[in-house]
Number of protein chains: 2
Amino acid sequence: MNQDTMNRGFSAIMKELGLKETPKRRAVLEVLAEQHGFLSPEEVWRAARVRFKTIGLPTVYRNLEELAAGGVISTIIHPSRQLYYYFCTTGSGHHHHFICTSCRRVEDIPECTVAAMEQDIITRTGGRITSHIVQFNGLCRHCLTDPNKRITT
Amino acid sequence: MNQDTMNRGFSAIMKELGLKETPKRRAVLEVLAEQHGFLSPEEVWRAARVRFKTIGLPTVYRNLEELAAGGVISTIIHPSRQLYYYFCTTGSGHHHHFICTSCRRVEDIPECTVAAMEQDIITRTGGRITSHIVQFNGLCRHCLTDPNKRITT
DNA sequence: TGCCAAAGAGAAACGATTTCTTTTTATACC
DNA sequence: GGTATAAAAAGAAATCGTTTCTCTTTGGCA
Ligand SMILES: [Mn+2]
Ligand SMILES: [Mn+2]
Ligand SMILES: [Zn+2]
Ligand SMILES: [Zn+2]
């Protein structure tokens, strides 16, 4: 994703969400978009500080939360239970992820085939499903190939 | 689950995991087994203190973690990112859950139909899947029927 | 240009979870 | 039954990721 596409797209995104287009907010989004994997709020903050002498960690937390609430970025469920975010370049469309627990790469799982399971649950339990979590964890082919390059976080 | 079944089963469980059968550990398991829904470590602790004047919160955390590692209890993924545990009476067999975010009831999802998705990911990405998360969140039929009885946690 | 709600800085608080040290206890073995 | 020993627990304290607070700054709009 080149810088121009990024900037144009980001302006539209923030407008749609009714969020002001501030340099800090754009930086948060840019930092995430430049990564191939998911990042923690503190990692986003460290990367953003390279561009801004001053940017507060609470600012990063707030923006990440807002952007995730708006569906612009995805939250990653992690065994450590820390917060992690990922900017998914696959446009709209509901889908899930395969994350490498070693290097943090993320792969799309295009089809969400849980519809049948949901219908089954609804009819069987009589409840209403408001959301679901489907995520596959493992090692990507890079980390599988080079065991000595694995990042055991 | 009656008390006798509980005690006999629990002894075997701890033996299998190579854990000493202590009163505190059994209490943690009993508290969870008596609930129809999932509990936080502090809630387990409060319930366990009814039986023991002294039981430390770290003890509860440690036991819950060990029992979960042994597969005896399940961890629940929660939007609040707090820890929650659930004692699943469905014996062995891999399956997933539908949890009510209001009253914390848990329903089994007997079939795990993600095998096809996994195979697809493996062949397409060349990675290895070590685990997956599949969970459905929503409102159970009780909470759906009585909106005014909903527990908005 | 001026207004004002939204956004950010910086410091501080928070609180769930973990760590540490000392004491107790379950279990294996005699 | 008595004893050794490693596991387990108590209680206090620390940790640290995350959130809150107060004041200041700024983007969007007329
Ligand atoms: Mn994606
Ligand atoms: Mn179950
Ligand atoms: Zn990897
Ligand atoms: Zn319910």
# chains A, B, ... in the order shown; residues from 1 in each chain; ligands from 1
$ interface_residues --of "chain A" --to "chain D" --cutoff "12 Å" --atoms "only C-alpha atoms (C1' of nucleotides)" --output "PyMOL selection string"
chain A and resi 15+18-24+40-42+57-62+65+80-84
$ write_last_selection --atoms "N, CA, C and O atoms" --output "short mmCIF file (atom, residue, chain, number, x, y, z; two decimals), in the first residue's frame"
data_model
loop_
_atom_site.label_atom_id
_atom_site.label_comp_id
_atom_site.auth_asym_id
_atom_site.auth_seq_id
_atom_site.Cartn_x
_atom_site.Cartn_y
_atom_site.Cartn_z
N LYS A 15 -13.60 10.15 8.05
CA LYS A 15 -14.82 10.91 7.79
C LYS A 15 -16.05 10.02 8.02
O LYS A 15 -17.00 10.40 8.68
N GLY A 18 -16.94 9.59 11.46
CA GLY A 18 -17.24 10.81 12.20
C GLY A 18 -16.12 11.21 13.14
O GLY A 18 -16.35 11.82 14.18
N LEU A 19 -14.91 10.84 12.77
CA LEU A 19 -13.75 11.18 13.59
C LEU A 19 -12.94 12.28 12.91
O LEU A 19 -12.81 12.28 11.69
N LYS A 20 -12.45 13.20 13.68
CA LYS A 20 -11.61 14.24 13.12
C LYS A 20 -10.32 13.63 12.58
O LYS A 20 -9.79 12.67 13.15
N GLU A 21 -9.84 14.23 11.52
CA GLU A 21 -8.62 13.71 10.91
C GLU A 21 -7.42 14.43 11.51
O GLU A 21 -7.00 15.47 11.02
N THR A 22 -6.88 13.85 12.54
CA THR A 22 -5.74 14.47 13.22
C THR A 22 -4.47 13.74 12.84
O THR A 22 -4.50 12.57 12.45
N PRO A 23 -3.34 14.43 12.96
CA PRO A 23 -2.05 13.81 12.61
C PRO A 23 -1.77 12.56 13.45
O PRO A 23 -1.27 11.57 12.92
N LYS A 24 -2.11 12.61 14.71
CA LYS A 24 -1.85 11.49 15.59
C LYS A 24 -2.69 10.28 15.18
O LYS A 24 -2.21 9.16 15.15
N SER A 40 1.04 -4.41 19.45
CA SER A 40 0.46 -4.00 20.71
C SER A 40 0.36 -2.48 20.72
O SER A 40 1.08 -1.80 19.97
N PRO A 41 -0.48 -1.91 21.57
CA PRO A 41 -0.59 -0.45 21.65
C PRO A 41 0.77 0.21 21.91
O PRO A 41 1.09 1.23 21.31
N GLU A 42 1.55 -0.38 22.77
CA GLU A 42 2.85 0.21 23.08
C GLU A 42 3.77 0.19 21.86
O GLU A 42 4.55 1.11 21.63
N LEU A 57 0.73 7.78 25.16
CA LEU A 57 0.27 6.39 25.09
C LEU A 57 -1.25 6.32 25.20
O LEU A 57 -1.89 5.55 24.46
N PRO A 58 -1.87 7.11 26.06
CA PRO A 58 -3.34 7.10 26.11
C PRO A 58 -3.96 7.48 24.78
O PRO A 58 -5.02 6.95 24.41
N THR A 59 -3.33 8.37 24.07
CA THR A 59 -3.83 8.74 22.74
C THR A 59 -3.85 7.53 21.82
O THR A 59 -4.81 7.32 21.07
N VAL A 60 -2.79 6.77 21.88
CA VAL A 60 -2.72 5.57 21.04
C VAL A 60 -3.80 4.56 21.44
O VAL A 60 -4.52 4.03 20.59
N TYR A 61 -3.94 4.34 22.72
CA TYR A 61 -4.98 3.42 23.19
C TYR A 61 -6.36 3.87 22.71
O TYR A 61 -7.16 3.07 22.21
N ARG A 62 -6.64 5.16 22.89
CA ARG A 62 -7.96 5.68 22.52
C ARG A 62 -8.21 5.52 21.04
O ARG A 62 -9.27 5.05 20.62
N GLU A 65 -8.77 1.94 19.99
CA GLU A 65 -10.10 1.47 20.40
C GLU A 65 -11.19 2.01 19.47
O GLU A 65 -12.08 1.27 19.06
N SER A 80 -1.66 -14.37 25.58
CA SER A 80 -1.16 -13.55 26.68
C SER A 80 -2.24 -12.63 27.22
O SER A 80 -2.07 -11.98 28.24
N ARG A 81 -3.34 -12.54 26.52
CA ARG A 81 -4.46 -11.67 26.88
C ARG A 81 -4.10 -10.19 26.80
O ARG A 81 -4.85 -9.35 27.27
N GLN A 82 -2.98 -9.88 26.20
CA GLN A 82 -2.68 -8.47 25.93
C GLN A 82 -3.48 -8.03 24.71
O GLN A 82 -3.93 -8.85 23.92
N LEU A 83 -3.58 -6.71 24.57
CA LEU A 83 -4.25 -6.15 23.40
C LEU A 83 -3.33 -6.20 22.20
O LEU A 83 -2.15 -5.88 22.29
N TYR A 84 -3.88 -6.59 21.06
CA TYR A 84 -3.14 -6.53 19.80
C TYR A 84 -4.10 -6.10 18.71
O TYR A 84 -5.27 -6.50 18.71
#
$ residues_near_ligand --ligand "ligand 4" --cutoff "9 Å" --atoms "only C-alpha atoms (C1' of nucleotides) and all ligand atoms" --output "count of residues only"
18
$ atom_distance --atom1 "atom CA of Ile129 of chain B" --atom2 "atom CA of Met117 of chain A"
21.1 Å
$ select_by_dssp --residues "segment 8-146 of chain B" --states "alpha helix (DSSP H)" --output "VMD selection string"
chain B and resid 8 to 17 23 to 34 41 to 48 57 to 69 115 to 125 141 to 145
$ interface_residues --of "chain C" --to "chain B" --cutoff "12 Å" --atoms "only C-alpha atoms (C1' of nucleotides)" --output "CSV table (one decimal) with all heavy atoms, in the first residue's frame"
chain,number,residue,atom,x,y,z
C,15,DG,P,-10.2,0.3,40.6
C,15,DG,OP1,-11.6,0.7,40.4
C,15,DG,OP2,-9.6,0.3,42.0
C,15,DG,O5',-10.0,-1.1,40.0
C,15,DG,C5',-9.6,-1.3,38.7
C,15,DG,C4',-8.9,-2.6,38.5
C,15,DG,O4',-7.4,-2.4,38.5
C,15,DG,C3',-9.1,-3.6,39.7
C,15,DG,O3',-9.1,-4.9,39.1
C,15,DG,C2',-7.9,-3.5,40.5
C,15,DG,C1',-6.8,-3.2,39.5
C,15,DG,N9,-5.6,-2.6,39.9
C,15,DG,C8,-5.5,-1.9,41.1
C,15,DG,N7,-4.2,-1.4,41.2
C,15,DG,C5,-3.6,-1.9,40.1
C,15,DG,C6,-2.2,-1.7,39.7
C,15,DG,O6,-1.3,-1.1,40.3
C,15,DG,N1,-2.0,-2.4,38.5
C,15,DG,C2,-2.9,-3.1,37.8
C,15,DG,N2,-2.5,-3.6,36.6
C,15,DG,N3,-4.1,-3.2,38.1
C,15,DG,C4,-4.4,-2.6,39.3
C,16,DA,P,-10.3,-5.9,39.5
C,16,DA,OP1,-11.6,-5.3,39.1
C,16,DA,OP2,-10.0,-6.4,40.9
C,16,DA,O5',-10.0,-7.1,38.5
C,16,DA,C5',-9.8,-6.8,37.1
C,16,DA,C4',-8.5,-7.5,36.6
C,16,DA,O4',-7.4,-6.8,37.2
C,16,DA,C3',-8.4,-9.0,37.0
C,16,DA,O3',-8.0,-9.7,35.8
C,16,DA,C2',-7.4,-9.0,38.1
C,16,DA,C1',-6.5,-7.8,37.7
C,16,DA,N9,-5.8,-7.1,38.9
C,16,DA,C8,-6.3,-6.7,40.0
C,16,DA,N7,-5.5,-6.2,40.9
C,16,DA,C5,-4.3,-6.2,40.1
C,16,DA,C6,-3.0,-5.7,40.4
C,16,DA,N6,-2.7,-5.1,41.6
C,16,DA,N1,-2.0,-5.9,39.5
C,16,DA,C2,-2.4,-6.5,38.4
C,16,DA,N3,-3.5,-7.0,38.0
C,16,DA,C4,-4.5,-6.8,38.9
C,17,DT,P,-7.9,-11.2,35.9
C,17,DT,OP1,-8.1,-11.7,34.5
C,17,DT,OP2,-8.6,-11.8,37.0
C,17,DT,O5',-6.3,-11.4,36.2
C,17,DT,C5',-5.3,-11.0,35.3
C,17,DT,C4',-4.0,-11.1,35.9
C,17,DT,O4',-3.8,-10.3,37.0
C,17,DT,C3',-3.5,-12.5,36.3
C,17,DT,O3',-2.4,-12.9,35.4
C,17,DT,C2',-3.2,-12.4,37.7
C,17,DT,C1',-2.9,-10.9,37.9
C,17,DT,N1,-3.0,-10.3,39.2
C,17,DT,C2,-2.0,-9.7,39.8
C,17,DT,O2,-0.9,-9.6,39.3
C,17,DT,N3,-2.2,-9.1,41.1
C,17,DT,C4,-3.4,-9.2,41.8
C,17,DT,O4,-3.5,-8.6,42.9
C,17,DT,C5,-4.5,-9.8,41.1
C,17,DT,C7,-5.8,-9.9,41.8
C,17,DT,C6,-4.3,-10.3,39.9
C,18,DT,P,-1.7,-14.2,35.6
C,18,DT,OP1,-1.2,-14.6,34.3
C,18,DT,OP2,-2.5,-15.1,36.5
C,18,DT,O5',-0.4,-13.7,36.5
C,18,DT,C5',0.3,-12.6,36.1
C,18,DT,C4',1.5,-12.4,37.0
C,18,DT,O4',1.0,-11.8,38.3
C,18,DT,C3',2.3,-13.6,37.4
C,18,DT,O3',3.6,-13.4,37.2
C,18,DT,C2',1.9,-13.9,38.9
C,18,DT,C1',1.6,-12.4,39.3
C,18,DT,N1,0.7,-12.3,40.5
C,18,DT,C2,1.1,-11.5,41.5
C,18,DT,O2,2.2,-11.0,41.6
C,18,DT,N3,0.1,-11.4,42.5
C,18,DT,C4,-1.1,-12.0,42.6
C,18,DT,O4,-1.9,-11.8,43.5
C,18,DT,C5,-1.5,-12.8,41.4
C,18,DT,C7,-2.8,-13.4,41.3
C,18,DT,C6,-0.5,-12.9,40.4
C,19,DT,P,4.7,-14.5,37.3
C,19,DT,OP1,5.5,-14.5,36.1
C,19,DT,OP2,4.0,-15.8,37.8
C,19,DT,O5',5.6,-14.0,38.5
C,19,DT,C5',5.7,-12.6,38.7
C,19,DT,C4',6.3,-12.3,40.1
C,19,DT,O4',5.3,-12.1,41.1
C,19,DT,C3',7.3,-13.4,40.6
C,19,DT,O3',8.4,-12.7,41.1
C,19,DT,C2',6.5,-14.1,41.7
C,19,DT,C1',5.6,-12.9,42.2
C,19,DT,N1,4.3,-13.3,42.8
C,19,DT,C2,4.0,-12.7,44.0
C,19,DT,O2,4.7,-11.9,44.6
C,19,DT,N3,2.8,-13.1,44.5
C,19,DT,C4,1.9,-14.0,43.9
C,19,DT,O4,0.8,-14.3,44.5
C,19,DT,C5,2.3,-14.6,42.7
C,19,DT,C7,1.5,-15.6,42.1
C,19,DT,C6,3.5,-14.2,42.2
C,20,DC,P,9.7,-13.6,41.4
C,20,DC,OP1,10.9,-13.0,40.8
C,20,DC,OP2,9.4,-15.1,41.2
C,20,DC,O5',9.9,-13.4,43.0
C,20,DC,C5',9.2,-12.3,43.6
C,20,DC,C4',9.3,-12.4,45.1
C,20,DC,O4',8.0,-12.6,45.7
C,20,DC,C3',10.2,-13.5,45.7
C,20,DC,O3',11.0,-13.0,46.7
C,20,DC,C2',9.2,-14.6,46.1
C,20,DC,C1',8.0,-13.8,46.5
C,20,DC,N1,6.7,-14.5,46.3
C,20,DC,C2,5.7,-14.3,47.2
C,20,DC,O2,5.9,-13.6,48.2
C,20,DC,N3,4.5,-14.9,47.0
C,20,DC,C4,4.3,-15.7,45.9
C,20,DC,N4,3.2,-16.3,45.8
C,20,DC,C5,5.4,-15.9,45.0
C,20,DC,C6,6.5,-15.3,45.2
C,24,DT,P,3.1,-23.0,60.1
C,24,DT,OP1,2.1,-22.6,61.0
C,24,DT,OP2,4.3,-23.7,60.5
C,24,DT,O5',2.3,-24.0,59.0
C,24,DT,C5',1.2,-23.4,58.2
C,24,DT,C4',0.8,-24.4,57.2
C,24,DT,O4',1.9,-24.6,56.3
C,24,DT,C3',0.4,-25.8,57.7
C,24,DT,O3',-0.9,-26.1,57.2
C,24,DT,C2',1.5,-26.8,57.1
C,24,DT,C1',1.9,-26.0,55.9
C,24,DT,N1,3.3,-26.3,55.3
C,24,DT,C2,3.4,-26.8,54.1
C,24,DT,O2,2.4,-27.1,53.4
C,24,DT,N3,4.7,-27.0,53.6
C,24,DT,C4,5.8,-26.7,54.4
C,24,DT,O4,6.9,-26.9,53.9
C,24,DT,C5,5.6,-26.2,55.7
C,24,DT,C7,6.8,-25.9,56.5
C,24,DT,C6,4.4,-26.0,56.1
C,25,DT,P,-1.6,-27.4,57.7
C,25,DT,OP1,-3.0,-27.1,57.8
C,25,DT,OP2,-0.9,-28.0,58.9
C,25,DT,O5',-1.3,-28.4,56.5
C,25,DT,C5',-1.6,-27.9,55.2
C,25,DT,C4',-1.3,-29.0,54.2
C,25,DT,O4',0.1,-29.0,53.9
C,25,DT,C3',-1.7,-30.4,54.6
C,25,DT,O3',-2.2,-31.1,53.5
C,25,DT,C2',-0.4,-31.0,55.0
C,25,DT,C1',0.5,-30.4,54.0
C,25,DT,N1,2.0,-30.3,54.3
C,25,DT,C2,2.9,-30.6,53.3
C,25,DT,O2,2.5,-30.8,52.1
C,25,DT,N3,4.2,-30.5,53.6
C,25,DT,C4,4.7,-30.2,54.9
C,25,DT,O4,5.9,-30.2,55.1
C,25,DT,C5,3.7,-30.0,55.9
C,25,DT,C7,4.1,-29.7,57.3
C,25,DT,C6,2.4,-30.1,55.6
C,26,DA,P,-3.4,-32.2,53.7
C,26,DA,OP1,-4.7,-31.6,53.5
C,26,DA,OP2,-3.0,-33.0,54.9
C,26,DA,O5',-3.1,-33.1,52.4
C,26,DA,C5',-3.0,-32.4,51.1
C,26,DA,C4',-2.1,-33.3,50.2
C,26,DA,O4',-0.7,-33.2,50.6
C,26,DA,C3',-2.4,-34.8,50.2
C,26,DA,O3',-2.4,-35.2,48.8
C,26,DA,C2',-1.4,-35.4,51.1
C,26,DA,C1',-0.2,-34.5,50.9
C,26,DA,N9,0.7,-34.3,52.1
C,26,DA,C8,0.3,-34.2,53.3
C,26,DA,N7,1.3,-34.0,54.2
C,26,DA,C5,2.4,-34.1,53.4
C,26,DA,C6,3.8,-34.0,53.6
C,26,DA,N6,4.3,-33.8,54.9
C,26,DA,N1,4.7,-34.1,52.6
C,26,DA,C2,4.2,-34.3,51.4
C,26,DA,N3,2.9,-34.4,51.0
C,26,DA,C4,2.1,-34.3,52.1
C,27,DT,P,-2.8,-36.7,48.4
C,27,DT,OP1,-3.4,-36.6,47.1
C,27,DT,OP2,-3.6,-37.3,49.6
C,27,DT,O5',-1.4,-37.4,48.3
C,27,DT,C5',-0.4,-36.9,47.5
C,27,DT,C4',0.9,-37.7,47.7
C,27,DT,O4',1.6,-37.3,48.9
C,27,DT,C3',0.7,-39.2,47.7
C,27,DT,O3',1.6,-39.8,46.9
C,27,DT,C2',1.0,-39.5,49.2
C,27,DT,C1',2.0,-38.5,49.5
C,27,DT,N1,2.3,-38.1,50.9
C,27,DT,C2,3.5,-37.8,51.4
C,27,DT,O2,4.5,-37.9,50.6
C,27,DT,N3,3.6,-37.5,52.7
C,27,DT,C4,2.6,-37.5,53.6
C,27,DT,O4,2.9,-37.2,54.8
C,27,DT,C5,1.3,-37.8,53.1
C,27,DT,C7,0.1,-37.7,54.0
C,27,DT,C6,1.2,-38.1,51.8
$ atom_distance --atom1 "atom CA of Gln119 of chain A" --atom2 "atom CA of Asp108 of chain B"
14.0 Å
$ residues_near_ligand --ligand "ligand 2" --cutoff "10 Å" --atoms "only C-alpha atoms (C1' of nucleotides) and all ligand atoms" --output "list of chain:residue names"
B:Ile73, B:Ser74, B:Tyr86, B:Phe87, B:Cys88, B:Thr89, B:Thr90, B:Gly91, B:Ser92, B:Gly93, B:His94, B:His95, B:His96, B:His97, B:Phe98, B:Val106, B:Glu107, B:Asp108, B:Ile109, B:Pro110
$ write_last_selection --atoms "C-alpha atoms" --output "PDB file, in the first residue's frame"
ATOM      1  CA  ILE B  73     -11.908 -26.660  32.892  1.00  0.00           C
ATOM      2  CA  SER B  74     -12.315 -24.281  29.969  1.00  0.00           C
ATOM      3  CA  TYR B  86     -16.110 -22.840  33.101  1.00  0.00           C
ATOM      4  CA  PHE B  87     -16.439 -26.412  34.191  1.00  0.00           C
ATOM      5  CA  CYS B  88     -17.818 -28.309  31.247  1.00  0.00           C
ATOM      6  CA  THR B  89     -19.707 -31.447  32.225  1.00  0.00           C
ATOM      7  CA  THR B  90     -19.589 -32.766  28.706  1.00  0.00           C
ATOM      8  CA  GLY B  91     -16.887 -35.355  29.145  1.00  0.00           C
ATOM      9  CA  SER B  92     -14.038 -35.533  26.728  1.00  0.00           C
ATOM     10  CA  GLY B  93     -14.269 -34.621  23.075  1.00  0.00           C
ATOM     11  CA  HIS B  94     -13.284 -31.449  21.379  1.00  0.00           C
ATOM     12  CA  HIS B  95     -16.082 -28.911  21.164  1.00  0.00           C
ATOM     13  CA  HIS B  96     -16.899 -25.236  21.517  1.00  0.00           C
ATOM     14  CA  HIS B  97     -19.294 -23.004  23.373  1.00  0.00           C
ATOM     15  CA  PHE B  98     -22.119 -20.557  23.072  1.00  0.00           C
ATOM     16  CA  VAL B 106     -22.869 -21.814  28.589  1.00  0.00           C
ATOM     17  CA  GLU B 107     -24.177 -24.193  25.948  1.00  0.00           C
ATOM     18  CA  ASP B 108     -22.179 -26.849  24.180  1.00  0.00           C
ATOM     19  CA  ILE B 109     -21.622 -26.814  20.467  1.00  0.00           C
ATOM     20  CA  PRO B 110     -21.128 -30.522  19.937  1.00  0.00           C
TER      21      PRO B 110
END
$ decode --residues "segment 4-24 of chain D" --atoms "N, CA, C and O atoms (P, O5', C5', C4', C3', O3' and C1' of nucleotides)" --output "short mmCIF file (atom, residue, chain, number, x, y, z; two decimals), in the first residue's frame"
data_model
loop_
_atom_site.label_atom_id
_atom_site.label_comp_id
_atom_site.auth_asym_id
_atom_site.auth_seq_id
_atom_site.Cartn_x
_atom_site.Cartn_y
_atom_site.Cartn_z
P DA D 4 13.02 -37.48 58.96
"O5'" DA D 4 13.16 -37.39 57.37
"C5'" DA D 4 13.48 -38.58 56.63
"C4'" DA D 4 13.19 -38.35 55.17
"C3'" DA D 4 13.67 -37.01 54.62
"O3'" DA D 4 14.20 -37.22 53.32
"C1'" DA D 4 11.32 -37.16 54.38
P DT D 5 14.89 -36.04 52.55
"O5'" DT D 5 13.69 -35.54 51.64
"C5'" DT D 5 12.97 -36.48 50.83
"C4'" DT D 5 12.00 -35.72 49.97
"C3'" DT D 5 12.44 -34.31 49.60
"O3'" DT D 5 12.04 -34.03 48.27
"C1'" DT D 5 10.36 -34.20 50.65
P DA D 6 12.87 -33.00 47.39
"O5'" DA D 6 11.87 -32.78 46.17
"C5'" DA D 6 10.97 -33.85 45.79
"C4'" DA D 6 9.56 -33.30 45.68
"C3'" DA D 6 9.45 -31.96 44.95
"O3'" DA D 6 8.33 -32.00 44.08
"C1'" DA D 6 8.48 -31.77 47.08
P DA D 7 7.95 -30.78 43.18
"O5'" DA D 7 6.40 -30.59 43.51
"C5'" DA D 7 5.59 -31.75 43.74
"C4'" DA D 7 4.35 -31.34 44.50
"C3'" DA D 7 3.61 -30.15 43.90
"O3'" DA D 7 2.22 -30.43 43.92
"C1'" DA D 7 4.17 -29.67 46.14
P DA D 8 1.20 -29.40 43.34
"O5'" DA D 8 0.74 -28.58 44.63
"C5'" DA D 8 0.20 -29.29 45.74
"C4'" DA D 8 -0.19 -28.32 46.83
"C3'" DA D 8 -0.93 -27.07 46.35
"O3'" DA D 8 -2.07 -26.91 47.17
"C1'" DA D 8 0.89 -26.45 47.70
P DA D 9 -3.11 -25.77 46.87
"O5'" DA D 9 -2.86 -24.74 48.05
"C5'" DA D 9 -2.96 -25.20 49.39
"C4'" DA D 9 -2.59 -24.09 50.35
"C3'" DA D 9 -3.25 -22.75 50.02
"O3'" DA D 9 -3.88 -22.25 51.18
"C1'" DA D 9 -0.90 -22.50 50.24
P DA D 10 -4.68 -20.93 51.12
"O5'" DA D 10 -3.80 -19.99 52.05
"C5'" DA D 10 -3.21 -20.53 53.23
"C4'" DA D 10 -2.47 -19.43 53.97
"C3'" DA D 10 -3.11 -18.06 53.87
"O3'" DA D 10 -2.99 -17.42 55.13
"C1'" DA D 10 -0.93 -18.01 52.90
P DG D 11 -3.88 -16.15 55.42
"O5'" DG D 11 -2.84 -14.98 55.15
"C5'" DG D 11 -1.52 -15.07 55.70
"C4'" DG D 11 -0.68 -13.94 55.17
"C3'" DG D 11 -1.48 -12.67 54.85
"O3'" DG D 11 -0.79 -11.57 55.41
"C1'" DG D 11 -0.22 -13.31 52.97
P DA D 12 -1.36 -10.08 55.23
"O5'" DA D 12 -0.07 -9.38 54.63
"C5'" DA D 12 1.23 -9.94 54.90
"C4'" DA D 12 2.21 -9.42 53.88
"C3'" DA D 12 1.92 -7.99 53.44
"O3'" DA D 12 3.13 -7.25 53.36
"C1'" DA D 12 1.96 -9.41 51.56
P DA D 13 3.12 -5.71 53.03
"O5'" DA D 13 3.86 -5.69 51.63
"C5'" DA D 13 4.88 -6.65 51.36
"C4'" DA D 13 5.14 -6.68 49.87
"C3'" DA D 13 5.04 -5.32 49.19
"O3'" DA D 13 6.27 -5.01 48.57
"C1'" DA D 13 3.79 -6.96 47.99
P DA D 14 6.43 -3.72 47.65
"O5'" DA D 14 6.43 -4.34 46.18
"C5'" DA D 14 7.15 -5.56 45.97
"C4'" DA D 14 6.91 -6.04 44.55
"C3'" DA D 14 7.05 -4.96 43.48
"O3'" DA D 14 7.73 -5.52 42.38
"C1'" DA D 14 4.89 -5.92 43.35
P DT D 15 8.27 -4.57 41.22
"O5'" DT D 15 7.46 -5.11 39.98
"C5'" DT D 15 6.99 -6.46 39.98
"C4'" DT D 15 5.97 -6.62 38.88
"C3'" DT D 15 6.10 -5.60 37.75
"O3'" DT D 15 6.09 -6.31 36.53
"C1'" DT D 15 3.88 -5.67 38.53
P DC D 16 6.88 -5.75 35.30
"O5'" DC D 16 5.68 -5.33 34.36
"C5'" DC D 16 4.54 -6.17 34.24
"C4'" DC D 16 3.38 -5.36 33.69
"C3'" DC D 16 3.83 -4.14 32.87
"O3'" DC D 16 2.91 -3.98 31.81
"C1'" DC D 16 2.39 -3.45 34.54
P DG D 17 3.47 -4.15 30.31
"O5'" DG D 17 2.12 -4.40 29.48
"C5'" DG D 17 1.31 -5.51 29.80
"C4'" DG D 17 -0.12 -5.08 29.96
"C3'" DG D 17 -0.66 -4.19 28.85
"O3'" DG D 17 -1.98 -4.63 28.55
"C1'" DG D 17 -0.92 -3.09 30.92
P DT D 18 -2.78 -3.92 27.37
"O5'" DT D 18 -3.63 -2.85 28.17
"C5'" DT D 18 -4.61 -3.32 29.10
"C4'" DT D 18 -5.24 -2.16 29.84
"C3'" DT D 18 -5.91 -1.12 28.95
"O3'" DT D 18 -7.30 -1.17 29.21
"C1'" DT D 18 -4.65 -0.13 30.72
P DT D 19 -8.29 -0.18 28.53
"O5'" DT D 19 -8.45 0.92 29.67
"C5'" DT D 19 -8.73 0.50 31.00
"C4'" DT D 19 -8.87 1.71 31.91
"C3'" DT D 19 -9.72 2.84 31.34
"O3'" DT D 19 -10.66 3.18 32.34
"C1'" DT D 19 -7.63 3.68 32.06
P DT D 20 -11.78 4.22 32.03
"O5'" DT D 20 -11.45 5.39 33.07
"C5'" DT D 20 -10.79 5.06 34.29
"C4'" DT D 20 -10.32 6.34 34.96
"C3'" DT D 20 -11.14 7.59 34.67
"O3'" DT D 20 -11.32 8.31 35.88
"C1'" DT D 20 -8.89 7.99 34.14
P DC D 21 -12.42 9.48 35.97
"O5'" DC D 21 -11.53 10.72 36.42
"C5'" DC D 21 -10.16 10.49 36.73
"C4'" DC D 21 -9.42 11.79 36.87
"C3'" DC D 21 -10.22 13.05 36.51
"O3'" DC D 21 -9.91 14.09 37.42
"C1'" DC D 21 -8.33 12.85 35.08
P DT D 22 -10.85 15.42 37.36
"O5'" DT D 22 -9.78 16.50 36.87
"C5'" DT D 22 -8.46 16.49 37.43
"C4'" DT D 22 -7.60 17.50 36.68
"C3'" DT D 22 -8.36 18.74 36.24
"O3'" DT D 22 -7.55 19.89 36.45
"C1'" DT D 22 -7.39 17.69 34.36
P DC D 23 -8.16 21.35 36.18
"O5'" DC D 23 -7.17 21.83 35.02
"C5'" DC D 23 -5.77 21.54 35.14
"C4'" DC D 23 -5.11 21.65 33.77
"C3'" DC D 23 -5.43 22.93 33.00
"O3'" DC D 23 -4.22 23.51 32.51
"C1'" DC D 23 -5.83 21.03 31.64
P DT D 24 -4.29 24.86 31.68
"O5'" DT D 24 -3.95 24.37 30.21
"C5'" DT D 24 -2.80 23.53 30.01
"C4'" DT D 24 -2.72 23.13 28.55
"C3'" DT D 24 -2.83 24.26 27.53
"O3'" DT D 24 -1.78 24.12 26.59
"C1'" DT D 24 -4.39 22.57 27.01
#
